[in-house]
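**Q** For reference, this is run.cif, and it has mmCIF, C-alpha atoms.
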```cif
data_coords
#
loop_
_atom_site.label_atom_id
_atom_site.label_comp_id
_atom_site.auth_asym_id
_atom_site.auth_seq_id
_atom_site.Cartn_x
_atom_site.Cartn_y
_atom_site.Cartn_z
CA MET A 1 1.25 -20.17 -28.34
CA PRO A 2 0.53 -17.48 -30.97
CA PHE A 3 -2.90 -15.91 -31.09
CA SER A 4 -4.77 -14.41 -34.01
CA LYS A 5 -6.97 -11.35 -33.97
CA LYS A 6 -10.02 -13.03 -35.41
CA CYS A 7 -11.20 -16.59 -34.87
CA SER A 8 -11.18 -18.61 -38.06
CA VAL A 9 -14.89 -19.15 -38.72
CA PHE A 10 -15.27 -18.89 -42.46
CA LYS A 11 -16.45 -22.52 -42.78
CA VAL A 12 -19.11 -21.70 -40.23
CA VAL A 13 -20.19 -18.73 -42.36
CA LEU A 14 -20.64 -20.84 -45.46
CA SER A 15 -22.83 -23.36 -43.69
CA ALA A 16 -24.69 -20.50 -41.97
CA LEU A 17 -25.64 -19.01 -45.31
CA LEU A 18 -27.25 -22.29 -46.34
CA ILE A 19 -29.54 -22.48 -43.33
CA VAL A 20 -30.40 -18.82 -42.71
CA ALA A 21 -33.72 -19.29 -44.48
CA LEU A 22 -34.62 -22.18 -42.17
CA LEU A 23 -33.87 -20.16 -39.04
CA GLN A 24 -35.58 -17.04 -40.45
CA LEU A 25 -32.96 -14.79 -38.92
CA ILE A 26 -34.19 -11.61 -40.52
CA TYR A 27 -32.21 -9.32 -38.31
CA LEU A 28 -28.71 -10.74 -38.60
CA SER A 29 -27.12 -7.69 -40.17
CA PHE A 30 -25.24 -7.11 -36.95
CA LEU A 31 -23.57 -10.50 -37.34
CA SER A 32 -22.74 -10.22 -41.02
CA LYS A 33 -19.01 -9.71 -40.93
CA LEU A 34 -16.81 -12.57 -39.83
CA HIS A 35 -13.22 -11.52 -39.79
CA GLY A 36 -10.02 -13.06 -41.11
CA LYS A 37 -6.93 -13.71 -39.05
CA GLU A 38 -4.86 -10.76 -37.86
CA GLN A 39 -2.61 -10.39 -34.85
CA ARG A 40 -4.22 -8.71 -31.84
CA TYR A 41 -2.76 -9.73 -28.52
CA ARG A 42 -4.28 -12.97 -27.19
CA TYR A 43 -7.91 -12.56 -28.18
CA SER A 44 -10.12 -12.82 -31.20
CA GLU A 45 -13.40 -11.24 -32.21
CA LEU A 46 -15.64 -14.01 -33.52
CA PHE A 47 -18.08 -11.69 -35.15
CA GLY A 48 -18.73 -7.97 -35.25
CA SER A 49 -21.60 -5.77 -36.22
CA LYS A 50 -20.17 -4.23 -39.33
CA LYS A 51 -22.43 -4.03 -42.32
CA ASN A 52 -21.74 -3.89 -46.07
CA SER A 53 -19.09 -6.57 -45.63
CA HIS A 54 -18.02 -9.34 -47.98
CA LEU A 55 -18.21 -12.68 -46.22
CA GLY A 56 -15.78 -14.31 -48.61
CA GLU A 57 -12.98 -11.81 -48.06
CA LYS A 58 -10.27 -12.57 -45.51
CA ASN A 59 -8.33 -9.94 -43.64
CA THR A 60 -10.89 -7.25 -44.46
CA LYS A 61 -10.57 -3.86 -42.87
CA LYS A 62 -13.26 -2.74 -40.48
CA GLU A 63 -15.93 -0.67 -42.19
CA ARG A 64 -18.17 1.96 -40.73
CA LEU A 65 -21.66 0.90 -39.76
CA SER A 66 -24.49 2.01 -41.99
CA GLN A 67 -27.58 3.35 -40.31
CA LYS A 68 -30.36 0.87 -39.72
CA PRO A 69 -33.53 1.29 -41.83
CA GLY A 70 -35.82 3.89 -40.35
CA ALA A 71 -33.33 4.98 -37.70
CA ASP A 72 -33.46 8.57 -36.49
CA PRO A 73 -30.22 10.19 -37.76
CA ARG A 74 -29.93 12.01 -34.42
CA SER A 75 -29.60 8.67 -32.64
CA HIS A 76 -26.17 8.25 -34.20
CA HIS A 77 -24.72 11.28 -32.48
CA LEU A 78 -24.18 9.36 -29.24
CA SER A 79 -23.84 5.66 -28.49
CA LEU A 80 -23.29 3.67 -25.33
CA ALA A 81 -20.45 1.14 -25.35
CA THR A 82 -20.20 -1.59 -22.75
CA HIS A 83 -18.60 -4.97 -22.09
CA THR A 84 -19.39 -8.16 -20.22
CA THR A 85 -19.22 -11.92 -20.04
CA ILE A 86 -22.34 -13.96 -20.72
CA ASN A 87 -23.08 -14.18 -16.98
CA ASN A 88 -23.76 -10.44 -16.78
CA LEU A 89 -25.51 -10.02 -20.13
CA HIS A 90 -28.90 -10.18 -18.37
CA HIS A 91 -28.26 -6.54 -17.33
CA LEU A 92 -28.86 -5.59 -20.97
CA ASP A 93 -32.61 -5.80 -20.32
CA SER A 94 -32.68 -3.04 -17.70
CA LEU A 95 -30.11 -1.00 -19.62
CA LEU A 96 -32.38 -0.95 -22.67
CA GLU A 97 -35.30 0.15 -20.52
CA ARG A 98 -33.37 3.33 -19.78
CA TRP A 99 -31.28 3.75 -22.96
CA ARG A 100 -33.35 3.40 -26.15
CA ASN A 101 -30.61 4.45 -28.48
CA PRO A 102 -27.61 2.77 -30.17
CA LEU A 103 -25.69 0.39 -27.93
CA SER A 104 -22.48 -1.51 -28.68
CA VAL A 105 -21.81 -4.58 -26.50
CA ALA A 106 -18.54 -6.54 -26.43
CA ILE A 107 -18.93 -10.01 -24.90
CA PHE A 108 -16.01 -12.13 -23.74
CA ALA A 109 -16.61 -15.87 -23.84
CA HIS A 110 -14.40 -18.84 -23.02
CA GLY A 111 -14.72 -22.60 -23.47
CA GLN A 112 -18.29 -23.88 -23.58
CA ASP A 113 -19.55 -20.35 -23.05
CA VAL A 114 -18.51 -19.50 -26.62
CA ARG A 115 -21.27 -21.76 -27.96
CA PHE A 116 -23.76 -20.61 -25.33
CA ALA A 117 -23.01 -16.93 -25.98
CA THR A 118 -23.32 -17.34 -29.75
CA ALA A 119 -26.68 -19.07 -29.43
CA LEU A 120 -28.06 -16.51 -26.97
CA VAL A 121 -26.91 -13.56 -29.06
CA TYR A 122 -28.74 -15.05 -32.05
CA ALA A 123 -31.80 -15.58 -29.84
CA LEU A 124 -31.74 -11.98 -28.65
CA SER A 125 -31.57 -10.86 -32.26
CA LEU A 126 -34.43 -13.10 -33.27
CA PHE A 127 -36.90 -12.63 -30.42
CA CYS A 128 -36.23 -9.11 -29.03
CA PRO A 129 -37.30 -6.27 -31.37
CA GLN A 130 -35.54 -3.58 -29.34
CA VAL A 131 -32.29 -5.53 -29.44
CA GLN A 132 -32.70 -5.98 -33.19
CA GLU A 133 -33.14 -2.26 -33.63
CA LEU A 134 -30.51 -0.84 -31.29
CA VAL A 135 -27.83 -3.32 -30.23
CA ASP A 136 -24.63 -4.36 -31.98
CA PHE A 137 -22.86 -7.37 -30.45
CA HIS A 138 -19.18 -8.27 -30.67
CA LEU A 139 -18.20 -11.70 -29.38
CA VAL A 140 -14.55 -12.00 -28.33
CA CYS A 141 -12.74 -15.22 -27.44
CA HIS A 142 -9.30 -16.79 -27.36
CA SER A 143 -8.04 -17.32 -30.87
CA GLU A 144 -8.11 -21.12 -30.83
CA GLU A 145 -11.82 -21.14 -29.96
CA THR A 146 -14.57 -21.02 -32.58
CA ALA A 147 -18.27 -20.28 -32.55
CA SER A 148 -20.67 -22.95 -33.72
CA PHE A 149 -23.76 -21.87 -35.58
CA PRO A 150 -26.81 -22.05 -33.27
CA GLU A 151 -28.42 -24.79 -35.39
CA GLN A 152 -25.90 -27.12 -33.73
CA ASP A 153 -27.02 -26.01 -30.27
CA ARG A 154 -30.77 -26.34 -30.49
CA GLU A 155 -31.07 -27.08 -26.78
CA HIS A 156 -30.43 -23.42 -26.03
CA PHE A 157 -33.56 -22.46 -28.00
CA ALA A 158 -35.98 -24.90 -26.36
CA GLY A 159 -39.23 -23.09 -25.55
CA LEU A 160 -37.97 -19.65 -26.55
CA GLU A 161 -40.29 -19.35 -29.55
CA GLU A 162 -43.26 -19.45 -27.21
CA GLN A 163 -41.66 -17.35 -24.45
CA GLY A 164 -40.19 -14.70 -26.74
CA CYS A 165 -37.80 -12.02 -25.50
CA PRO A 166 -38.62 -12.45 -21.78
CA GLY A 167 -37.66 -16.10 -22.13
CA VAL A 168 -34.26 -15.20 -23.57
CA PHE A 169 -33.47 -12.85 -20.70
CA ALA A 170 -34.76 -15.41 -18.19
CA LYS A 171 -32.26 -17.88 -19.65
CA LEU A 172 -29.49 -15.30 -19.31
CA GLU A 173 -30.59 -14.58 -15.74
CA SER A 174 -30.22 -18.28 -14.88
CA HIS A 175 -26.58 -18.08 -16.00
CA ARG A 176 -25.69 -15.04 -13.88
CA ASP A 177 -24.06 -16.79 -10.92
CA LYS A 178 -21.73 -19.08 -12.86
CA TYR A 179 -18.70 -16.89 -12.09
CA LYS A 180 -17.57 -13.29 -11.74
CA ASN A 181 -15.98 -11.43 -14.63
CA TYR A 182 -12.58 -11.41 -12.98
CA ALA A 183 -12.73 -15.02 -11.77
CA ILE A 184 -13.50 -16.89 -14.98
CA GLY A 185 -10.74 -19.46 -14.53
CA SER A 186 -7.26 -19.83 -13.08
CA ASN A 187 -5.56 -19.07 -16.40
CA ILE A 188 -8.19 -16.84 -17.99
CA SER A 189 -7.76 -13.07 -17.85
CA TYR A 190 -10.72 -10.80 -18.44
CA PRO A 191 -9.53 -8.36 -21.17
CA ASN A 192 -11.59 -5.37 -20.06
CA ASN A 193 -9.71 -2.71 -22.01
CA LEU A 194 -9.68 -4.73 -25.21
CA LEU A 195 -13.43 -5.20 -24.83
CA ARG A 196 -13.95 -1.49 -24.27
CA ASN A 197 -12.04 -0.77 -27.47
CA VAL A 198 -13.98 -3.37 -29.43
CA ALA A 199 -17.27 -1.86 -28.24
CA ARG A 200 -16.09 1.69 -28.91
CA THR A 201 -14.90 1.00 -32.44
CA GLY A 202 -18.01 -1.09 -33.13
CA THR A 203 -20.27 1.94 -33.42
CA ASP A 204 -20.45 4.68 -36.02
CA ALA A 205 -21.65 7.31 -33.55
CA ALA A 206 -19.54 10.47 -33.40
CA TYR A 207 -19.53 10.41 -29.59
CA VAL A 208 -19.39 7.48 -27.19
CA LEU A 209 -20.07 6.92 -23.49
CA VAL A 210 -18.27 3.82 -22.17
CA ILE A 211 -19.84 2.31 -19.04
CA ASP A 212 -20.02 -1.05 -17.29
CA ILE A 213 -23.05 -3.15 -18.19
CA ASP A 214 -24.46 -2.96 -14.65
CA MET A 215 -24.66 0.83 -14.85
CA VAL A 216 -27.35 3.07 -16.35
CA PRO A 217 -27.26 6.74 -17.37
CA SER A 218 -29.80 9.36 -16.37
CA ALA A 219 -33.04 9.13 -18.34
CA ASP A 220 -32.79 12.15 -20.64
CA LEU A 221 -29.10 11.94 -21.43
CA HIS A 222 -29.36 11.25 -25.15
CA HIS A 223 -31.93 14.01 -25.75
CA GLN A 224 -29.92 16.45 -23.64
CA PHE A 225 -26.75 15.68 -25.56
CA VAL A 226 -28.37 16.09 -28.99
CA THR A 227 -29.92 19.38 -27.85
CA MET A 228 -26.51 20.56 -26.66
CA LEU A 229 -24.97 19.74 -30.05
CA MET A 230 -27.43 22.11 -31.71
CA ARG A 231 -25.96 24.93 -29.62
CA ARG A 232 -22.42 23.90 -28.87
CA GLU A 233 -20.28 21.06 -30.15
CA PRO A 234 -17.62 20.03 -27.63
CA PRO A 235 -14.05 20.69 -28.75
CA GLN A 236 -12.11 17.59 -29.74
CA ASP A 237 -9.89 17.97 -26.67
CA GLU A 238 -12.78 18.06 -24.19
CA VAL A 239 -14.60 15.17 -22.53
CA LEU A 240 -17.89 15.60 -20.70
CA VAL A 241 -17.73 13.96 -17.28
CA LEU A 242 -20.86 12.36 -15.84
CA PRO A 243 -20.65 11.98 -12.04
CA ALA A 244 -20.83 8.29 -11.12
CA PHE A 245 -22.87 6.91 -8.24
CA GLU A 246 -23.89 3.55 -6.82
CA ILE A 247 -27.27 2.60 -5.38
CA ARG A 248 -28.53 -0.09 -3.00
CA HIS A 249 -29.74 -3.18 -4.86
CA THR A 250 -33.24 -2.80 -3.47
CA ARG A 251 -33.74 0.71 -4.80
CA LYS A 252 -35.18 1.75 -8.14
CA MET A 253 -32.70 3.47 -10.41
CA PRO A 254 -33.20 7.27 -10.33
CA ALA A 255 -34.16 8.82 -13.65
CA SER A 256 -33.50 12.48 -12.89
CA LYS A 257 -31.02 14.47 -10.85
CA ALA A 258 -33.81 15.46 -8.44
CA GLU A 259 -34.55 11.79 -7.73
CA LEU A 260 -30.87 10.98 -7.34
CA VAL A 261 -30.23 13.88 -4.94
CA GLN A 262 -33.15 12.79 -2.79
CA LEU A 263 -31.74 9.26 -2.50
CA TYR A 264 -28.24 10.65 -1.94
CA GLN A 265 -29.40 12.73 1.00
CA VAL A 266 -30.79 9.67 2.82
CA GLY A 267 -27.80 7.44 2.10
CA GLU A 268 -29.43 5.17 -0.49
CA VAL A 269 -27.11 6.53 -3.18
CA ARG A 270 -23.43 7.33 -2.71
CA PRO A 271 -20.40 8.18 -4.90
CA PHE A 272 -19.15 5.29 -6.98
CA TYR A 273 -16.41 3.26 -5.28
CA GLU A 274 -16.81 5.31 -2.09
CA GLU A 275 -15.92 2.36 0.14
CA LEU A 276 -13.27 0.71 -2.05
CA CYS A 277 -11.40 3.67 -3.50
CA PRO A 278 -12.83 7.07 -2.54
CA ARG A 279 -9.88 8.85 -4.19
CA CYS A 280 -10.76 7.29 -7.55
CA GLN A 281 -13.87 9.49 -7.90
CA ALA A 282 -13.31 12.27 -5.34
CA PRO A 283 -11.96 14.81 -7.90
CA THR A 284 -15.47 14.93 -9.40
CA ASN A 285 -16.32 17.12 -6.36
CA TYR A 286 -19.65 15.53 -5.45
CA SER A 287 -20.70 18.12 -2.89
CA ARG A 288 -20.31 20.89 -5.47
CA TRP A 289 -22.26 18.91 -8.06
CA ILE A 290 -25.09 17.96 -5.68
CA ASN A 291 -25.64 21.60 -4.72
CA LEU A 292 -25.87 22.84 -8.29
CA ALA A 293 -29.31 23.89 -9.43
CA ALA A 294 -30.68 21.18 -11.73
CA LYS A 295 -32.90 21.82 -14.72
CA ARG A 296 -35.50 19.16 -15.44
CA SER A 297 -34.85 19.29 -19.20
CA GLY A 298 -32.78 21.10 -21.76
CA PRO A 299 -29.30 20.54 -23.15
CA LEU A 300 -26.31 19.25 -21.26
CA GLU A 301 -24.50 22.11 -19.57
CA VAL A 302 -20.91 22.25 -18.38
CA ALA A 303 -20.89 23.14 -14.69
CA TYR A 304 -17.13 23.31 -14.16
CA THR A 305 -13.87 22.11 -15.67
CA LEU A 306 -11.25 20.22 -13.68
CA ASN A 307 -7.64 19.22 -14.05
CA TRP A 308 -7.10 15.48 -13.94
CA VAL A 309 -5.34 14.14 -10.85
CA ASP A 310 -4.20 10.62 -10.08
CA PRO A 311 -6.14 8.31 -9.54
CA TRP A 312 -9.31 9.86 -11.00
CA GLU A 313 -11.14 7.52 -13.39
CA PRO A 314 -14.21 9.43 -14.57
CA PHE A 315 -16.96 8.19 -16.86
CA TYR A 316 -17.36 10.60 -19.75
CA ILE A 317 -18.78 11.29 -23.18
CA GLY A 318 -15.95 11.65 -25.67
CA ALA A 319 -15.45 11.90 -29.40
CA LYS A 320 -14.39 8.83 -31.36
CA THR A 321 -10.96 10.49 -31.66
CA VAL A 322 -10.28 10.07 -27.93
CA PRO A 323 -7.29 7.71 -27.40
CA LEU A 324 -8.22 4.07 -26.98
CA TYR A 325 -7.69 2.08 -23.79
CA ASP A 326 -4.35 0.33 -23.34
CA GLU A 327 -5.08 -3.37 -23.93
CA ASN A 328 -2.14 -4.58 -21.85
CA PHE A 329 -4.27 -3.95 -18.76
CA LYS A 330 -6.41 -6.96 -17.90
CA GLN A 331 -8.23 -8.14 -14.81
CA TYR A 332 -8.50 -5.76 -11.83
CA GLY A 333 -6.76 -2.44 -11.41
CA PHE A 334 -5.58 0.63 -13.35
CA ASN A 335 -7.42 -0.21 -16.58
CA ARG A 336 -9.52 2.97 -16.68
CA ILE A 337 -7.09 5.15 -14.73
CA SER A 338 -4.44 4.55 -17.38
CA GLN A 339 -6.71 5.85 -20.12
CA ALA A 340 -7.70 8.94 -18.12
CA CYS A 341 -4.01 9.56 -17.47
CA GLU A 342 -3.28 9.49 -21.20
CA LEU A 343 -6.10 11.94 -21.89
CA HIS A 344 -4.54 14.30 -19.37
CA ILE A 345 -1.06 13.99 -20.94
CA ALA A 346 -2.59 14.49 -24.40
CA GLY A 347 -4.06 17.81 -23.30
CA PHE A 348 -7.73 16.96 -22.76
CA ARG A 349 -10.04 18.99 -20.53
CA PHE A 350 -12.43 17.26 -18.12
CA SER A 351 -15.70 19.21 -18.00
CA VAL A 352 -18.30 18.05 -15.48
CA VAL A 353 -21.90 18.39 -16.66
CA SER A 354 -24.50 19.72 -14.25
CA ASN A 355 -27.55 17.68 -15.17
CA ALA A 356 -26.60 14.10 -16.09
CA PHE A 357 -25.02 11.13 -14.31
CA VAL A 358 -24.47 7.36 -14.33
CA VAL A 359 -25.46 4.92 -11.58
CA HIS A 360 -24.07 1.48 -10.73
CA ARG A 361 -26.55 -1.12 -9.53
CA GLY A 362 -25.56 -2.11 -5.99
CA PHE A 363 -23.00 -0.84 -3.50
CA LYS A 364 -19.40 -1.87 -4.10
CA VAL A 365 -18.17 -3.31 -0.80
CA GLN A 366 -15.09 -5.02 0.58
CA GLY A 367 -15.16 -8.80 0.54
CA GLU A 368 -17.23 -9.23 -2.61
CA PHE A 369 -14.30 -9.38 -4.99
CA HIS A 370 -12.47 -12.44 -6.23
CA SER A 371 -9.55 -13.76 -4.22
CA ARG A 372 -6.79 -12.59 -6.59
CA LYS A 373 -7.89 -8.95 -6.69
CA ASP A 374 -4.98 -7.59 -4.63
CA GLU A 375 -2.41 -9.61 -6.56
CA GLU A 376 -3.77 -8.31 -9.86
CA ASN A 377 -3.82 -4.77 -8.54
CA ARG A 378 -0.14 -4.99 -7.60
CA ARG A 379 0.78 -6.37 -11.00
CA ASN A 380 -1.16 -3.67 -12.83
CA ARG A 381 0.35 -0.97 -10.63
CA LEU A 382 3.79 -1.96 -11.95
CA LEU A 383 2.39 -1.97 -15.47
CA PHE A 384 0.95 1.51 -14.88
CA ARG A 385 4.39 2.84 -13.95
CA SER A 386 5.79 1.50 -17.20
CA PHE A 387 2.78 2.87 -19.09
CA LYS A 388 3.41 6.37 -17.75
CA GLU A 389 7.03 6.22 -18.89
CA GLY A 390 5.80 5.29 -22.36
CA LEU A 391 3.54 8.35 -22.43
CA LYS A 392 6.61 10.58 -22.13
CA THR A 393 7.80 9.17 -25.45
CA LYS A 394 4.36 9.24 -27.04
CA TYR A 395 3.74 12.89 -26.04
CA PRO A 396 7.29 14.39 -25.84
CA ASN A 397 6.05 18.00 -25.98
CA SER A 398 3.42 17.66 -23.25
CA PRO A 399 4.23 19.56 -20.04
CA ARG A 400 1.77 17.37 -18.10
CA ARG A 401 2.57 14.34 -16.00
CA CYS A 402 0.47 11.71 -14.28
#
```
Translate this structure into structure tokens?

**A**
Amino acid sequence: MPFSKKCSVFKVVLSALLIVALLQLIYLSFLSKLHGKEQRYRYSELFGSKKNSHLGEKNTKKERLSQKPGADPRSHHLSLATHTTINNLHHLDSLLERWRNPLSVAIFAHGQDVRFATALVYALSLFCPQVQELVDFHLVCHSEETASFPEQDREHFAGLEEQGCPGVFAKLESHRDKYKNYAIGSNISYPNNLLRNVARTGTDAAYVLVIDIDMVPSADLHHQFVTMLMRREPPQDEVLVLPAFEIRHTRKMPASKAELVQLYQVGEVRPFYEELCPRCQAPTNYSRWINLAAKRSGPLEVAYTLNWVDPWEPFYIGAKTVPLYDENFKQYGFNRISQACELHIAGFRFSVVSNAFVVHRGFKVQGEFHSRKDEENRRNRLLFRSFKEGLKTKYPNSPRRC
């Protein structure tokens, strides 16, 4: 069955325009562009956050975002990009507590969740001022699925006018245990790399940090990065690696390196994926990073630069020119490693910063993954081998190999 890049929702747009006044959706600029049909693998973006679009035009090219009224121009130097299904969108609340700067969120929805996700995204826009100001949403579904305008799903809004933003996140919280991202359905693949690309290209920031939605960065990251830019702009072939950690669910997320090191020393924080795949983060050299002197404020500083080695999959700040993720990788395994591998082949440097980090909420442990994890990992391992062969053709003059 062929799939189109964008769900066909132009009839929905026309009816939406007639009832916008009734719903008083003042802050719907992030939903203003509904796209025409174009081929893009098996998925479709129902709506994006692009502004200055023409709703009546089909097959329009993506346009750059315009800054929101009153926005600090410095806030558009660096954006977070993340992805999720509706069952994990409740993490947005805690993420915004830490990151009060531009955020691009790609949401994958399937079946009845398409309607639920559409309604809840509208509700977040309507009732949550910080979401209105900072967040751009991109809803992605299979191409034969369409979003219905929230007026047709009034049950999702019951009581929210009185409860406000906390009520919206409480409703999202109640949906959290429906399924895991990688176990949506027997025939439904979670397109993580496509979602990462949608979120990345859905922001106009010059630099982007791509993380999972259940992660948070250190508290002063945005300020530190902007301060660094005033002194030193990273070369286009350099990415700034933020060491990744995971913390026990019961612990409060550390804001500073001093707090993180203290928790690390007592075993409440550990390297990301330490139990599941220690080699995947080991090249970061955690012992070296932990023992570096940490400044409480100031710009980001490069502590040391490393050569990429398989299977390192670092989290990093990179320019918008960094190669996109390969969208053939879906479900579990090799989706981020493949992109790091391409950066290495393309000649990028991996510079670890001394005073910033990202933390995943909860320890990753064996036995908590979906039943098909190992099968998916084997399939993606074969895909990764083919991917590496393709890089030899894409970068014929590169002396590097993965």

**Q** What does the distance from CA of Glu375 (chain A) to CA of Tyr190 (chain A) come to in Å, to one decimal?

**A**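 Rounded to one decimal, the two atoms are 14.5 Å apart.
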
**Q** Between CA of His90 (chain A) and CA of Tyr264 (chain A), what is the spacing in Å?

**A**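 That distance, rounded to one decimal, is 26.5 Å.
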
**Q** Once the PyMOL selection byres ((chain A and resi 200) around 8) is applied to the coordinates I shared, what remains selected? I want it as a PDB file with C-alpha atoms, in the coordinates of the input.

**A**
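Contents of the output file result_38.pdb:
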```
ATOM      1  CA  ALA A  81     -20.450   1.140 -25.350  1.00  0.00           C
ATOM      2  CA  SER A 104     -22.480  -1.510 -28.680  1.00  0.00           C
ATOM      3  CA  ARG A 196     -13.950  -1.490 -24.270  1.00  0.00           C
ATOM      4  CA  ASN A 197     -12.040  -0.770 -27.470  1.00  0.00           C
ATOM      5  CA  VAL A 198     -13.980  -3.370 -29.430  1.00  0.00           C
ATOM      6  CA  ALA A 199     -17.270  -1.860 -28.240  1.00  0.00           C
ATOM      7  CA  THR A 201     -14.900   1.000 -32.440  1.00  0.00           C
ATOM      8  CA  GLY A 202     -18.010  -1.090 -33.130  1.00  0.00           C
ATOM      9  CA  THR A 203     -20.270   1.940 -33.420  1.00  0.00           C
ATOM     10  CA  VAL A 208     -19.390   7.480 -27.190  1.00  0.00           C
ATOM     11  CA  VAL A 210     -18.270   3.820 -22.170  1.00  0.00           C
ATOM     12  CA  LYS A 320     -14.390   8.830 -31.360  1.00  0.00           C
TER      13      LYS A 320
END
```

**Q** Run through the PyMOL selection byres ((chain A and resi 217) around 7) on the given coordinates and return the selected residues as a CSV table (one decimal) with C-alpha atoms, in the coordinates of the input.

**A**
```
chain,number,residue,atom,x,y,z
A,215,MET,CA,-24.7,0.8,-14.8
A,216,VAL,CA,-27.4,3.1,-16.4
A,218,SER,CA,-29.8,9.4,-16.4
A,219,ALA,CA,-33.0,9.1,-18.3
A,221,LEU,CA,-29.1,11.9,-21.4
A,357,PHE,CA,-25.0,11.1,-14.3
A,358,VAL,CA,-24.5,7.4,-14.3
A,359,VAL,CA,-25.5,4.9,-11.6
```

**Q** Evaluate the PyMOL selection byres ((chain A and resi 280-290) around 7) here and jot the selected residues down as a list in words.

**A**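 When the PyMOL selection byres ((chain A and resi 280-290) around 7) is applied to the shown file, the picked residues are Pro243, Val261, Phe272, Cys277, Pro278, Arg279, Asn291, Leu292, Pro311, Trp312, Glu313, Pro314 and Ser354 of chain A.
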
**Q** Can you spit out the residues from that selection as a compact mmCIF listing (two decimals), in the coordinates of the input, using C-alpha atoms?

**A**
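That gives us selection05.txt:
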```txt
# COMPACT_ATOMS: atom_id res chain seq x y z
CA PRO A 243 -20.65 11.98 -12.04
CA VAL A 261 -30.23 13.88 -4.94
CA PHE A 272 -19.15 5.29 -6.98
CA CYS A 277 -11.40 3.67 -3.50
CA PRO A 278 -12.83 7.07 -2.54
CA ARG A 279 -9.88 8.85 -4.19
CA ASN A 291 -25.64 21.60 -4.72
CA LEU A 292 -25.87 22.84 -8.29
CA PRO A 311 -6.14 8.31 -9.54
CA TRP A 312 -9.31 9.86 -11.00
CA GLU A 313 -11.14 7.52 -13.39
CA PRO A 314 -14.21 9.43 -14.57
CA SER A 354 -24.50 19.72 -14.25
```

**Q** Please list as a list in words every residue within 10 Å of Cys165 (chain A), counting all atoms listed in the file and excluding residues in the same chain fewer than 3 positions away.

**A**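 Here the qualifying residues turn out to be Asp93, Ala123, Leu124, Ser125, Leu126, Phe127, Cys128, Pro129, Gln130, Val131, Leu160, Glu161, Glu162, Val168, Phe169, Ala170 and Lys171 of chain A.
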
**Q** Just to be explicit: take each residue in the selection above, keep C-alpha atoms, and write the result as a PDB file, in the coordinates of the input.

**A**
```pdb
ATOM      1  CA  ASP A  93     -32.610  -5.800 -20.320  1.00  0.00           C
ATOM      2  CA  ALA A 123     -31.800 -15.580 -29.840  1.00  0.00           C
ATOM      3  CA  LEU A 124     -31.740 -11.980 -28.650  1.00  0.00           C
ATOM      4  CA  SER A 125     -31.570 -10.860 -32.260  1.00  0.00           C
ATOM      5  CA  LEU A 126     -34.430 -13.100 -33.270  1.00  0.00           C
ATOM      6  CA  PHE A 127     -36.900 -12.630 -30.420  1.00  0.00           C
ATOM      7  CA  CYS A 128     -36.230  -9.110 -29.030  1.00  0.00           C
ATOM      8  CA  PRO A 129     -37.300  -6.270 -31.370  1.00  0.00           C
ATOM      9  CA  GLN A 130     -35.540  -3.580 -29.340  1.00  0.00           C
ATOM     10  CA  VAL A 131     -32.290  -5.530 -29.440  1.00  0.00           C
ATOM     11  CA  LEU A 160     -37.970 -19.650 -26.550  1.00  0.00           C
ATOM     12  CA  GLU A 161     -40.290 -19.350 -29.550  1.00  0.00           C
ATOM     13  CA  GLU A 162     -43.260 -19.450 -27.210  1.00  0.00           C
ATOM     14  CA  VAL A 168     -34.260 -15.200 -23.570  1.00  0.00           C
ATOM     15  CA  PHE A 169     -33.470 -12.850 -20.700  1.00  0.00           C
ATOM     16  CA  ALA A 170     -34.760 -15.410 -18.190  1.00  0.00           C
ATOM     17  CA  LYS A 171     -32.260 -17.880 -19.650  1.00  0.00           C
TER      18      LYS A 171
END
```

**Q** Find the residue from A:Leu96, A:Val226, A:Leu78, A:Leu194 that sits nearest to Leu139 (chain A); use all atoms listed in the file when measuring.

**A**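 Using all atoms listed in the file, Leu139 (chain A) sits closest to A:Leu194.
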
**Q** For Thr321 (chain A), which of A:Thr84, A:Thr305, A:Ser338, A:Gln236 is the closest residue, counting all atoms listed in the file?

**A**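 Between A:Thr84, A:Thr305, A:Ser338, A:Gln236, the residue approaching Thr321 (chain A) most closely is A:Gln236.
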
**Q** Rounded to one decimal in Å, what is the spacing between CA of Ile107 (chain A) and CA of His249 (chain A)?

**A**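 So the two atoms, CA of Ile107 (chain A) and CA of His249 (chain A), lie 23.8 Å apart.
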
**Q** With only C-alpha atoms as the counted atoms, please give the residues lying no more than 9 Å from Asn380 (chain A), apart from itself and same-chain residues fewer than 2 positions off, as a ChimeraX atom specification.

**A** /A:329-335,375-378,382-385

**Q** So which one's closest to Thr85 (chain A), A:Arg349, A:Lys394, A:His110, A:Arg100? Using all atoms listed in the file, please.

**A** A:His110
